[in-house]
$ cat entry-v4.txt   # compact mmCIF, C-alpha atoms
# COMPACT_ATOMS: atom_id res chain seq x y z
CA MET W 1 46.71 -42.04 52.99
CA THR W 2 43.40 -40.59 51.79
CA HIS W 3 43.46 -37.29 49.91
CA THR W 4 40.44 -35.01 49.51
CA ILE W 5 40.27 -33.40 46.10
CA GLN W 6 38.47 -30.07 45.97
CA PRO W 7 36.54 -29.02 42.85
CA ASN W 8 38.54 -26.74 40.63
CA ASN W 9 36.38 -23.70 41.22
CA PRO W 10 38.05 -20.41 42.07
CA GLU W 11 34.84 -19.12 43.69
CA VAL W 12 34.73 -22.01 46.14
CA THR W 13 36.98 -21.60 49.17
CA ALA W 14 37.88 -24.23 51.67
CA ALA W 15 35.72 -24.26 54.76
CA PRO W 16 37.61 -22.90 57.78
CA ASP W 17 38.61 -25.29 60.48
CA ALA W 18 36.17 -25.39 63.34
CA THR W 19 38.87 -24.14 65.68
CA ASP W 20 39.25 -20.99 63.59
CA VAL W 21 35.57 -19.94 63.95
CA PRO W 22 34.96 -17.38 66.68
CA ALA W 23 32.56 -18.49 69.38
CA THR W 24 30.19 -15.62 68.53
CA ASP W 25 29.71 -17.02 64.98
CA ALA W 26 28.84 -20.56 66.09
CA VAL W 27 25.18 -20.19 64.95
CA PRO W 28 24.85 -20.04 61.09
CA ARG W 29 23.47 -16.79 59.74
CA PRO W 30 20.37 -16.93 57.48
CA ALA W 31 21.06 -16.52 53.81
CA ALA W 32 20.30 -13.17 52.27
CA PRO W 33 16.95 -13.16 50.40
CA SER W 34 17.30 -13.70 46.69
CA ALA W 35 16.09 -11.08 44.25
CA VAL W 36 12.33 -11.26 43.33
CA PRO W 37 11.87 -12.18 39.64
CA ALA W 38 10.44 -9.34 37.58
CA ALA W 39 7.43 -11.45 36.61
CA LEU W 40 6.40 -11.72 40.28
CA LYS W 41 6.64 -8.01 41.10
CA ARG W 42 3.24 -6.34 41.38
CA ARG W 43 2.46 -3.48 39.05
CA ILE W 44 -0.48 -1.55 37.71
CA PRO W 45 -1.69 -3.30 34.53
CA LYS W 46 -1.26 -1.44 31.28
CA TYR W 47 -4.09 -1.03 28.79
CA SER W 48 -1.96 -2.77 26.16
CA ASP W 49 -1.89 -5.82 28.44
CA LEU W 50 -5.65 -5.79 29.03
CA ALA W 51 -6.79 -5.11 25.47
CA PRO W 52 -6.16 -8.63 24.10
CA LEU W 53 -8.14 -10.08 27.03
CA MET W 54 -11.17 -7.85 26.55
CA GLN W 55 -13.00 -9.84 23.87
CA PHE W 56 -16.58 -9.51 24.95
CA LYS W 57 -18.99 -11.28 22.62
CA LYS W 58 -22.52 -10.28 21.88
CA PRO W 59 -24.92 -12.72 23.60
CA GLU W 60 -26.47 -15.23 21.20
CA PHE W 61 -29.92 -16.62 21.85
CA SER W 62 -30.56 -18.53 18.62
CA ARG W 63 -31.35 -22.23 18.61
CA GLU W 64 -28.07 -22.97 16.85
CA ALA W 65 -26.04 -21.07 19.45
CA ARG W 66 -27.87 -22.80 22.27
CA LEU W 67 -27.31 -26.26 20.80
CA LYS W 68 -23.66 -25.51 20.12
CA ARG W 69 -23.14 -25.04 23.84
CA ALA W 70 -24.12 -28.68 24.41
CA SER W 71 -20.97 -30.77 24.73
CA THR W 72 -22.57 -34.05 25.81
CA ILE W 73 -25.81 -35.97 25.37
CA TRP W 74 -26.52 -35.18 29.02
CA ASP W 75 -26.38 -31.47 28.14
CA LEU W 76 -29.00 -32.07 25.46
CA ARG W 77 -31.10 -33.96 27.98
CA ASP W 78 -31.04 -30.96 30.31
CA MET W 79 -32.14 -28.70 27.45
CA ALA W 80 -34.86 -31.14 26.46
CA LYS W 81 -36.25 -31.26 29.98
CA ARG W 82 -36.51 -27.48 30.14
CA ARG W 83 -38.33 -27.24 26.81
CA THR W 84 -40.68 -30.24 26.90
CA PRO W 85 -43.77 -30.82 29.05
CA GLN W 86 -43.39 -33.43 31.75
CA ALA W 87 -45.54 -36.17 30.21
CA PRO W 88 -43.76 -36.29 26.81
CA PHE W 89 -40.36 -35.91 28.45
CA ASP W 90 -41.04 -38.71 30.92
CA TYR W 91 -42.39 -40.91 28.13
CA THR W 92 -38.94 -40.64 26.53
CA ASP W 93 -36.77 -40.53 29.62
CA GLY W 94 -38.55 -43.13 31.72
CA ALA W 95 -38.46 -46.91 31.85
CA ALA W 96 -40.39 -49.76 33.45
CA GLU W 97 -41.17 -50.15 37.15
CA GLY W 98 -38.17 -49.06 39.27
CA GLU W 99 -36.13 -48.25 36.14
CA ILE W 100 -33.41 -50.60 37.41
CA THR W 101 -32.68 -52.00 33.95
CA LEU W 102 -32.06 -48.59 32.41
CA ARG W 103 -29.80 -47.55 35.27
CA ARG W 104 -27.80 -50.77 35.04
CA ALA W 105 -27.49 -50.45 31.26
CA ARG W 106 -25.90 -47.03 31.58
CA GLU W 107 -23.69 -48.12 34.45
CA ALA W 108 -22.44 -51.05 32.38
CA PHE W 109 -20.69 -48.63 30.03
CA LEU W 110 -19.16 -46.81 32.99
CA ASP W 111 -17.82 -49.99 34.59
CA ILE W 112 -15.11 -50.55 32.01
CA GLU W 113 -11.49 -49.67 31.60
CA PHE W 114 -10.09 -48.71 28.21
CA ARG W 115 -6.66 -50.11 27.41
CA PRO W 116 -4.95 -47.76 24.94
CA GLY W 117 -2.04 -48.48 22.65
CA ILE W 118 0.63 -45.84 22.14
CA LEU W 119 2.93 -44.74 19.32
CA ARG W 120 0.35 -45.46 16.63
CA ASN W 121 -0.38 -43.18 13.70
CA VAL W 122 -3.83 -41.77 14.46
CA SER W 123 -3.60 -38.62 12.37
CA SER W 124 -6.64 -39.76 10.40
CA ILE W 125 -9.64 -41.51 12.00
CA ASP W 126 -12.05 -43.49 9.82
CA LEU W 127 -15.40 -44.17 11.53
CA SER W 128 -17.06 -45.78 8.52
CA THR W 129 -18.26 -49.37 8.56
CA ASN W 130 -20.53 -51.78 6.72
CA ILE W 131 -23.77 -53.08 8.12
CA LEU W 132 -26.11 -55.59 6.48
CA GLY W 133 -24.31 -55.33 3.16
CA LYS W 134 -24.17 -51.56 2.81
CA PRO W 135 -21.83 -48.80 4.04
CA SER W 136 -22.56 -46.47 6.93
CA ARG W 137 -20.44 -43.37 7.55
CA LEU W 138 -20.69 -43.94 11.32
CA PRO W 139 -21.10 -47.17 13.32
CA VAL W 140 -24.43 -45.99 14.74
CA GLY W 141 -27.97 -45.69 13.43
CA ILE W 142 -31.23 -44.27 14.74
CA ALA W 143 -33.41 -46.81 16.53
CA PRO W 144 -37.18 -47.04 16.10
CA THR W 145 -39.09 -44.81 18.52
CA GLY W 146 -42.85 -44.55 18.84
CA PHE W 147 -44.97 -41.42 18.76
CA THR W 148 -41.96 -39.26 17.95
CA ARG W 149 -43.85 -36.11 16.96
CA MET W 150 -45.07 -35.91 20.54
CA MET W 151 -41.49 -35.09 21.60
CA HIS W 152 -41.17 -32.39 18.94
CA SER W 153 -43.40 -31.50 16.01
CA GLU W 154 -40.63 -32.33 13.49
CA GLY W 155 -40.57 -35.89 14.80
CA GLU W 156 -39.63 -38.64 12.36
CA TYR W 157 -38.92 -36.11 9.63
CA ALA W 158 -36.10 -34.58 11.68
CA GLY W 159 -34.68 -37.99 12.56
CA SER W 160 -34.72 -39.39 9.03
CA GLN W 161 -33.27 -36.23 7.46
CA ALA W 162 -30.51 -35.97 10.06
CA ALA W 163 -29.64 -39.63 9.46
CA GLU W 164 -29.61 -39.05 5.71
CA ALA W 165 -27.24 -36.09 6.11
CA ALA W 166 -24.96 -38.10 8.42
CA GLY W 167 -24.90 -41.12 6.10
CA ILE W 168 -26.39 -43.57 8.62
CA PRO W 169 -29.54 -45.74 8.74
CA TYR W 170 -32.84 -44.52 10.14
CA THR W 171 -35.46 -46.93 11.49
CA LEU W 172 -39.14 -45.97 11.40
CA SER W 173 -41.36 -47.54 14.06
CA THR W 174 -44.70 -49.19 13.46
CA MET W 175 -45.90 -46.77 16.15
CA GLY W 176 -44.38 -43.77 14.38
CA THR W 177 -46.27 -40.55 13.75
CA ALA W 178 -45.17 -40.22 10.14
CA SER W 179 -46.06 -42.70 7.43
CA ILE W 180 -43.63 -45.01 5.65
CA GLU W 181 -44.21 -43.09 2.42
CA ASP W 182 -43.79 -39.64 3.97
CA VAL W 183 -40.49 -40.58 5.63
CA ALA W 184 -39.20 -42.00 2.36
CA ALA W 185 -40.16 -38.74 0.61
CA ALA W 186 -38.56 -36.61 3.33
CA ALA W 187 -35.24 -38.49 3.11
CA PRO W 188 -35.18 -39.90 -0.45
CA ASN W 189 -31.43 -40.54 -0.42
CA GLY W 190 -31.31 -41.97 3.08
CA ARG W 191 -31.05 -45.59 4.09
CA ASN W 192 -34.45 -46.26 5.62
CA TRP W 193 -35.32 -49.34 7.67
CA PHE W 194 -38.75 -50.31 8.99
CA GLN W 195 -39.48 -51.74 12.44
CA LEU W 196 -42.42 -54.13 12.64
CA TYR W 197 -44.61 -55.27 15.50
CA LEU W 198 -46.46 -58.39 14.45
CA TRP W 199 -50.15 -57.93 15.13
CA THR W 200 -52.82 -60.50 15.74
CA ASP W 201 -54.20 -59.33 12.38
CA ARG W 202 -51.62 -60.81 9.96
CA ASP W 203 -53.20 -59.10 6.96
CA ARG W 204 -52.46 -55.71 8.52
CA SER W 205 -48.87 -56.78 9.16
CA LEU W 206 -48.53 -57.97 5.58
CA GLU W 207 -49.84 -54.64 4.32
CA LEU W 208 -47.14 -52.78 6.26
CA ILE W 209 -44.43 -55.12 4.99
CA GLU W 210 -45.48 -54.54 1.39
CA ARG W 211 -45.59 -50.77 1.88
CA ALA W 212 -42.12 -50.79 3.44
CA ALA W 213 -40.69 -52.72 0.50
CA LYS W 214 -42.40 -50.47 -2.03
CA ALA W 215 -41.03 -47.35 -0.30
CA GLY W 216 -37.47 -48.64 -0.63
CA ASN W 217 -36.75 -49.88 2.89
CA ASP W 218 -34.00 -52.50 2.58
CA THR W 219 -34.20 -53.88 6.14
CA LEU W 220 -37.12 -55.11 8.23
CA MET W 221 -36.55 -55.06 11.98
CA VAL W 222 -39.08 -57.15 13.88
CA THR W 223 -39.39 -56.45 17.62
CA VAL W 224 -40.10 -59.52 19.76
CA ASP W 225 -40.01 -58.30 23.39
CA THR W 226 -43.53 -56.83 23.64
CA ALA W 227 -45.79 -59.80 24.35
CA VAL W 228 -47.45 -57.45 26.85
CA ALA W 229 -46.72 -53.85 27.80
CA GLY W 230 -44.20 -53.07 30.51
CA ALA W 231 -45.27 -51.15 33.61
CA ARG W 232 -44.09 -47.65 32.71
CA LEU W 233 -45.01 -45.95 35.94
CA ARG W 234 -44.06 -42.42 34.95
CA ASP W 235 -46.67 -42.58 32.19
CA VAL W 236 -49.27 -43.91 34.61
CA ARG W 237 -48.58 -41.14 37.13
CA ASN W 238 -48.61 -38.48 34.43
CA GLY W 239 -51.90 -39.75 32.99
CA MET W 240 -50.13 -40.14 29.64
CA THR W 241 -52.66 -40.71 26.85
CA ILE W 242 -52.77 -40.66 23.05
CA PRO W 243 -53.15 -37.87 22.11
CA PRO W 244 -51.91 -35.88 25.14
CA ALA W 245 -54.91 -34.60 27.08
CA LEU W 246 -55.40 -30.98 28.06
CA THR W 247 -55.94 -31.04 31.82
CA ILE W 248 -55.35 -28.45 34.53
CA LYS W 249 -51.95 -30.04 35.13
CA THR W 250 -50.92 -29.99 31.45
CA VAL W 251 -52.14 -26.43 30.97
CA LEU W 252 -50.06 -25.27 33.95
CA ASP W 253 -47.10 -27.22 32.58
CA ALA W 254 -47.61 -25.55 29.20
CA SER W 255 -47.12 -22.12 30.69
CA TYR W 256 -43.44 -22.96 31.18
CA ARG W 257 -43.01 -24.51 27.70
CA PRO W 258 -45.02 -22.30 25.33
CA ALA W 259 -42.98 -23.20 22.23
CA TRP W 260 -43.81 -26.90 22.55
CA TRP W 261 -47.51 -26.25 22.96
CA PHE W 262 -47.58 -23.75 20.12
CA ASN W 263 -46.04 -26.36 17.81
CA PHE W 264 -48.36 -29.07 19.13
CA LEU W 265 -51.53 -27.03 18.62
CA THR W 266 -50.61 -25.57 15.20
CA HIS W 267 -49.56 -28.79 13.44
CA GLU W 268 -51.48 -31.84 12.28
CA PRO W 269 -52.99 -33.78 15.22
CA LEU W 270 -50.81 -36.58 16.53
CA THR W 271 -51.76 -40.10 15.47
CA PHE W 272 -49.97 -43.36 14.81
CA ALA W 273 -49.45 -43.09 11.07
CA SER W 274 -49.43 -46.85 10.49
CA LEU W 275 -52.46 -47.54 12.68
CA SER W 276 -56.06 -46.49 12.82
CA ARG W 277 -56.86 -43.51 15.00
CA TYR W 278 -56.54 -44.54 18.61
CA THR W 279 -57.38 -42.90 21.91
CA GLY W 280 -56.08 -44.36 25.15
CA THR W 281 -52.83 -45.30 26.84
CA VAL W 282 -49.81 -46.79 25.10
CA ALA W 283 -50.01 -49.85 27.34
CA ASP W 284 -53.65 -50.46 26.37
CA LEU W 285 -52.73 -50.19 22.69
CA ILE W 286 -49.91 -52.73 23.00
CA ASN W 287 -52.04 -55.14 24.97
CA SER W 288 -54.95 -54.92 22.53
CA MET W 289 -53.07 -55.11 19.22
CA PHE W 290 -49.80 -57.01 19.62
CA ASP W 291 -49.77 -60.76 19.48
CA PRO W 292 -48.70 -62.62 22.67
CA THR W 293 -48.81 -65.96 20.81
CA LEU W 294 -45.77 -65.28 18.61
CA THR W 295 -43.39 -68.20 18.09
CA PHE W 296 -40.38 -68.99 15.93
CA GLU W 297 -42.77 -70.27 13.25
CA ASP W 298 -43.97 -66.68 12.80
CA LEU W 299 -40.37 -65.72 12.17
CA ASP W 300 -40.25 -68.38 9.45
CA TRP W 301 -43.32 -66.75 7.86
CA LEU W 302 -41.62 -63.36 7.95
CA ARG W 303 -38.47 -64.76 6.37
CA GLU W 304 -40.50 -66.18 3.49
CA THR W 305 -42.50 -62.97 3.10
CA TRP W 306 -39.75 -60.33 3.35
CA LYS W 307 -37.08 -60.44 0.63
CA GLY W 308 -34.72 -57.86 2.11
CA LYS W 309 -32.54 -58.06 5.22
CA LEU W 310 -34.32 -59.35 8.32
CA VAL W 311 -33.24 -58.28 11.82
CA VAL W 312 -34.72 -59.45 15.11
CA LYS W 313 -34.75 -56.85 17.92
CA GLY W 314 -35.20 -57.68 21.58
CA ILE W 315 -32.68 -60.53 21.95
CA GLN W 316 -31.75 -61.04 25.61
CA THR W 317 -30.07 -64.47 25.74
CA VAL W 318 -27.31 -66.18 23.76
CA GLU W 319 -29.60 -69.12 23.02
CA ASP W 320 -32.28 -66.91 21.44
CA ALA W 321 -29.66 -65.06 19.39
CA ARG W 322 -28.49 -68.34 17.88
CA LYS W 323 -32.02 -69.60 17.35
CA VAL W 324 -33.34 -66.59 15.41
CA VAL W 325 -30.33 -66.83 13.10
CA ASP W 326 -31.18 -70.49 12.55
CA HIS W 327 -34.65 -69.29 11.53
CA GLY W 328 -33.30 -66.96 8.88
CA ALA W 329 -32.42 -63.68 10.60
CA ASP W 330 -29.60 -61.69 8.99
CA GLY W 331 -28.87 -59.89 12.23
CA VAL W 332 -29.89 -59.42 15.85
CA VAL W 333 -30.31 -56.38 18.06
CA LEU W 334 -29.30 -57.11 21.63
CA SER W 335 -31.88 -54.97 23.41
CA ASN W 336 -34.14 -54.90 26.45
CA HIS W 337 -36.31 -52.21 24.85
CA GLY W 338 -34.43 -49.46 26.63
CA GLY W 339 -35.50 -50.90 29.97
CA ARG W 340 -39.11 -50.12 29.12
CA GLN W 341 -40.47 -53.69 29.26
CA LEU W 342 -39.05 -56.14 31.83
CA ASP W 343 -37.29 -54.48 34.73
CA ARG W 344 -34.11 -56.29 35.88
CA ALA W 345 -33.72 -57.65 32.35
CA PRO W 346 -30.30 -58.71 30.98
CA ILE W 347 -28.01 -55.85 29.98
CA PRO W 348 -27.14 -55.92 26.24
CA PHE W 349 -23.56 -54.75 26.81
CA HIS W 350 -22.98 -57.63 29.24
CA LEU W 351 -24.61 -60.09 26.82
CA LEU W 352 -22.46 -58.98 23.90
CA PRO W 353 -19.27 -61.05 24.46
CA GLY W 354 -21.26 -64.27 24.82
CA VAL W 355 -23.23 -63.69 21.62
CA LYS W 356 -20.05 -62.81 19.73
CA GLU W 357 -18.36 -66.00 20.94
CA ALA W 358 -21.38 -68.12 19.99
CA PHE W 359 -21.62 -66.65 16.48
CA THR W 360 -17.89 -67.18 15.98
CA LYS W 361 -18.22 -70.85 16.97
CA ASP W 362 -21.20 -71.21 14.61
CA ASN W 363 -19.26 -69.57 11.74
CA SER W 364 -22.21 -67.19 11.49
CA ASP W 365 -21.89 -63.89 9.66
CA ALA W 366 -25.12 -62.53 11.16
CA ALA W 367 -24.77 -58.91 12.26
CA ILE W 368 -24.69 -58.14 15.97
CA MET W 369 -26.25 -54.80 16.86
CA LEU W 370 -26.79 -53.29 20.29
CA ASP W 371 -28.89 -50.59 21.91
CA THR W 372 -29.89 -49.44 25.42
CA GLY W 373 -27.77 -47.25 27.66
CA ILE W 374 -25.67 -45.49 25.02
CA MET W 375 -25.04 -41.89 26.06
CA SER W 376 -21.65 -41.13 24.49
CA GLY W 377 -19.39 -42.00 21.61
CA ALA W 378 -17.09 -43.79 24.04
CA ASP W 379 -19.98 -46.17 24.83
CA ILE W 380 -20.27 -46.96 21.12
CA ILE W 381 -16.54 -47.63 20.78
CA ALA W 382 -16.62 -49.93 23.81
CA ALA W 383 -19.47 -51.93 22.26
CA LEU W 384 -17.66 -52.25 18.94
CA ALA W 385 -14.47 -53.38 20.69
CA LEU W 386 -16.36 -56.15 22.50
CA GLY W 387 -17.82 -57.52 19.30
CA ALA W 388 -20.78 -55.43 18.12
CA ASP W 389 -20.95 -54.71 14.40
CA PHE W 390 -23.22 -51.71 14.86
CA THR W 391 -25.15 -49.74 17.48
CA LEU W 392 -28.50 -47.95 17.66
CA ILE W 393 -29.53 -44.89 19.67
CA GLY W 394 -33.03 -44.06 20.85
CA ARG W 395 -33.16 -41.73 23.84
CA ALA W 396 -29.88 -40.04 22.88
CA TYR W 397 -31.32 -38.75 19.61
CA LEU W 398 -34.70 -37.95 21.16
CA TYR W 399 -33.01 -35.69 23.71
CA GLY W 400 -31.53 -33.78 20.79
CA LEU W 401 -34.90 -33.71 19.04
CA MET W 402 -36.65 -32.26 22.10
CA ALA W 403 -33.81 -29.77 22.62
CA GLY W 404 -33.97 -28.34 19.11
CA GLY W 405 -35.80 -30.30 16.41
CA ARG W 406 -33.78 -31.34 13.38
CA ALA W 407 -30.84 -29.17 14.47
CA GLY W 408 -30.87 -30.95 17.82
CA VAL W 409 -30.64 -34.37 16.18
CA ASP W 410 -27.76 -33.09 14.06
CA ARG W 411 -26.07 -31.93 17.26
CA THR W 412 -26.54 -35.38 18.84
CA LEU W 413 -24.75 -37.02 15.94
CA GLN W 414 -22.00 -34.38 15.93
CA ILE W 415 -21.33 -34.98 19.63
CA LEU W 416 -21.22 -38.75 19.19
CA GLU W 417 -18.96 -38.52 16.15
CA LYS W 418 -16.50 -36.26 17.96
CA ASP W 419 -16.56 -38.56 20.99
CA MET W 420 -15.89 -41.64 18.87
CA ALA W 421 -13.04 -40.07 16.92
CA ARG W 422 -11.33 -38.81 20.07
CA THR W 423 -11.74 -42.14 21.89
CA MET W 424 -10.32 -44.10 18.97
CA ALA W 425 -7.34 -41.77 18.64
CA LEU W 426 -6.57 -42.08 22.35
CA LEU W 427 -6.88 -45.87 22.09
CA GLY W 428 -4.35 -45.84 19.27
CA VAL W 429 -6.64 -47.10 16.50
CA SER W 430 -7.50 -45.35 13.27
CA LYS W 431 -10.37 -47.49 11.94
CA ILE W 432 -13.19 -49.61 13.33
CA SER W 433 -11.69 -52.91 12.19
CA GLU W 434 -8.68 -52.34 14.47
CA LEU W 435 -10.82 -52.42 17.63
CA THR W 436 -10.54 -55.68 19.60
CA PRO W 437 -11.62 -56.95 23.04
CA ASP W 438 -8.08 -56.20 24.22
CA HIS W 439 -9.00 -52.51 24.15
CA VAL W 440 -11.66 -52.90 26.87
CA ARG W 441 -11.62 -54.52 30.29
CA LEU W 442 -14.81 -55.07 32.27
CA LEU W 443 -14.31 -54.00 35.85
CA ASN W 444 -15.50 -56.22 38.69
CA LYS W 445 -17.50 -54.17 41.16
$ encode --input "entry-v4.txt" --output "structure tokens"
Amino acid sequence: MTHTIQPNNPEVTAAPDATDVPATDAVPRPAAPSAVPAALKRRIPKYSDLAPLMQFKKPEFSREARLKRASTIWDLRDMAKRRTPQAPFDYTDGAAEGEITLRRAREAFLDIEFRPGILRNVSSIDLSTNILGKPSRLPVGIAPTGFTRMMHSEGEYAGSQAAEAAGIPYTLSTMGTASIEDVAAAAPNGRNWFQLYLWTDRDRSLELIERAAKAGNDTLMVTVDTAVAGARLRDVRNGMTIPPALTIKTVLDASYRPAWWFNFLTHEPLTFASLSRYTGTVADLINSMFDPTLTFEDLDWLRETWKGKLVVKGIQTVEDARKVVDHGADGVVLSNHGGRQLDRAPIPFHLLPGVKEAFTKDNSDAAIMLDTGIMSGADIIAALALGADFTLIGRAYLYGLMAGGRAGVDRTLQILEKDMARTMALLGVSKISELTPDHVRLLNK
């Protein structure tokens, strides 16, 4: 026989037998509504409740307050666009032809999946690293950019001083608007590198190399992807010239950006500091001065001439990466010139794993650096995880420069540092050396 055991609860009574229920009570009655919690009862708010919420701040319109509101590099780009005339902004923001390469480079960093580890001690994050034999407080440096004082009057001085303060390398371009000596004087305690375009006039190139060495630059970065100028159509459509020309269009544009034009007109005229005075388009300058006959033998000449670290920028295949190392390079920069030369060029981030594998097989200790497409600290961490030793930023820092001069470059580096530290903590790593390819998966689209 089966027995039903009732819970020992004096408040629970046995259910009446169905035969004992009157016919009129056959339909269950709805339960009585429960009491409304006090927190959900409406009331007139008291002043004591409102007072802590009423913390109105005085509006701040200073440059520092404006920059502080930028949380991403894209925010700085928006600020830069509002404050910079169209031609200089497009010179920075644009790329070659249909700008497919630049778009793909940025998308490459989006088409990944981070694979975090858990239950790791990430209370302290160390972003320092070593590059080309010396320490860097962050795994990112400032890439060479031409005609930088066109973006903002502080130009290369802002970039080099911000890099010095952040403890990272700064690279001055051959087409810079501040001289090698002036940049060295502006950032005497910084780590300054010099980027070289080899000209048809080797004596002029040799003069620049000697000046760079004398000024204390420890690294020479030779760019090899400019046999001819890329078709930068935004510049063509804007009538971009050196120096910027005052036309009806530029005067109208100036009315919306008076601060830029005031700085432009009240500072020293813009020129390429390492070149003779030049008037014309950037493309015409490249095509008239840079040597389309360069070969690996010219790299041998550079290696014999330059006694410091030698880096080759513009590497776009695994084979060329290996070959320049065989010809004496201490490092390579995987770069398609920010998409400003050959459109539909290889994407450095995609090239990275192959170059890393090849160098490992060769037992090469040459440094692998990467630029193009970096717009966040997470992008930098992804590159380091896939094998890069270091990264360089061009547009990202120029957006900050256009948004607020030296303070804007500082803000760029602050944003990237915060991004990197947060990403590493969420990945479960506390220092750069702990990053591995297992932390990143490339998604198949």
$ residues_around --input "entry-v4.txt" --residues "Gly146 (chain W)" --least-positions-apart "2" --cutoff "8 Å" --atoms "all atoms listed in the file" --output "list in words"
Pro144, Thr148, Ser173, Thr174, Met175, Gly176 and Thr177 of chain W
$ closest_residue --input "entry-v4.txt" --among "W:Ala227, W:Asp362, W:Met369, W:Ala345" --to "Thr295 (chain W)" --atoms "all atoms listed in the file"
W:Ala227
$ closest_residue --input "entry-v4.txt" --among "W:Leu384, W:Gly408, W:Ala51, W:Asn336" --to "Pro353 (chain W)" --atoms "all atoms listed in the file"
W:Leu384
$ residues_near_point --input "entry-v4.txt" --point "(-26.2, -50.5, 1.9)" --cutoff "12 Å" --atoms "all atoms listed in the file" --output "list in words"
Thr129, Asn130, Ile131, Leu132, Gly133, Lys134, Pro135, Ser136, Arg137, Gly167, Ile168, Pro169, Asn189, Gly190, Arg191, Asn192, Trp193, Gly216, Asn217, Asp218, Thr219, Gly308 and Lys309 of chain W
$ write_last_selection --input "entry-v4.txt" --atoms "C-alpha atoms" --output "PDB file, in the coordinates of the input"
ATOM      1  CA  THR W 129     -18.260 -49.370   8.560  1.00  0.00           C
ATOM      2  CA  ASN W 130     -20.530 -51.780   6.720  1.00  0.00           C
ATOM      3  CA  ILE W 131     -23.770 -53.080   8.120  1.00  0.00           C
ATOM      4  CA  LEU W 132     -26.110 -55.590   6.480  1.00  0.00           C
ATOM      5  CA  GLY W 133     -24.310 -55.330   3.160  1.00  0.00           C
ATOM      6  CA  LYS W 134     -24.170 -51.560   2.810  1.00  0.00           C
ATOM      7  CA  PRO W 135     -21.830 -48.800   4.040  1.00  0.00           C
ATOM      8  CA  SER W 136     -22.560 -46.470   6.930  1.00  0.00           C
ATOM      9  CA  ARG W 137     -20.440 -43.370   7.550  1.00  0.00           C
ATOM     10  CA  GLY W 167     -24.900 -41.120   6.100  1.00  0.00           C
ATOM     11  CA  ILE W 168     -26.390 -43.570   8.620  1.00  0.00           C
ATOM     12  CA  PRO W 169     -29.540 -45.740   8.740  1.00  0.00           C
ATOM     13  CA  ASN W 189     -31.430 -40.540  -0.420  1.00  0.00           C
ATOM     14  CA  GLY W 190     -31.310 -41.970   3.080  1.00  0.00           C
ATOM     15  CA  ARG W 191     -31.050 -45.590   4.090  1.00  0.00           C
ATOM     16  CA  ASN W 192     -34.450 -46.260   5.620  1.00  0.00           C
ATOM     17  CA  TRP W 193     -35.320 -49.340   7.670  1.00  0.00           C
ATOM     18  CA  GLY W 216     -37.470 -48.640  -0.630  1.00  0.00           C
ATOM     19  CA  ASN W 217     -36.750 -49.880   2.890  1.00  0.00           C
ATOM     20  CA  ASP W 218     -34.000 -52.500   2.580  1.00  0.00           C
ATOM     21  CA  THR W 219     -34.200 -53.880   6.140  1.00  0.00           C
ATOM     22  CA  GLY W 308     -34.720 -57.860   2.110  1.00  0.00           C
ATOM     23  CA  LYS W 309     -32.540 -58.060   5.220  1.00  0.00           C
TER      24      LYS W 309
END
$ closest_residue --input "entry-v4.txt" --among "W:Lys418, W:Arg211, W:Arg232, W:Lys41" --to "Gly338 (chain W)" --atoms "only C-alpha atoms"
W:Arg232
$ residues_near_point --input "entry-v4.txt" --point "(-5.3, -43.3, 24.8)" --cutoff "6 Å" --atoms "all atoms listed in the file" --output "JSON list (two decimals) with C-alpha atoms, in the coordinates of the input"
[["chain", "number", "residue", "atom", "x", "y", "z"],
["W", 116, "PRO", "CA", -4.95, -47.76, 24.94],
["W", 426, "LEU", "CA", -6.57, -42.08, 22.35],
["W", 427, "LEU", "CA", -6.88, -45.87, 22.09]]
$ closest_residue --input "entry-v4.txt" --among "W:Gln86, W:Glu164, W:Ala158, W:Pro139" --to "Ser255 (chain W)" --atoms "only C-alpha atoms"
W:Gln86
$ residues_around --input "entry-v4.txt" --residues "Gly377 (chain W)" --least-positions-apart "6" --cutoff "7 Å" --atoms "only C-alpha atoms" --output "PyMOL selection string"
chain W and resi 416-417+419-420
$ atom_distance --input "entry-v4.txt" --atom1 "CA of Lys356 (chain W)" --atom2 "CA of Asp300 (chain W)"
23.3 Å
$ closest_residue --input "entry-v4.txt" --among "W:Thr226, W:Ser48, W:Thr412, W:Thr92" --to "Trp74 (chain W)" --atoms "all atoms listed in the file"
W:Thr412
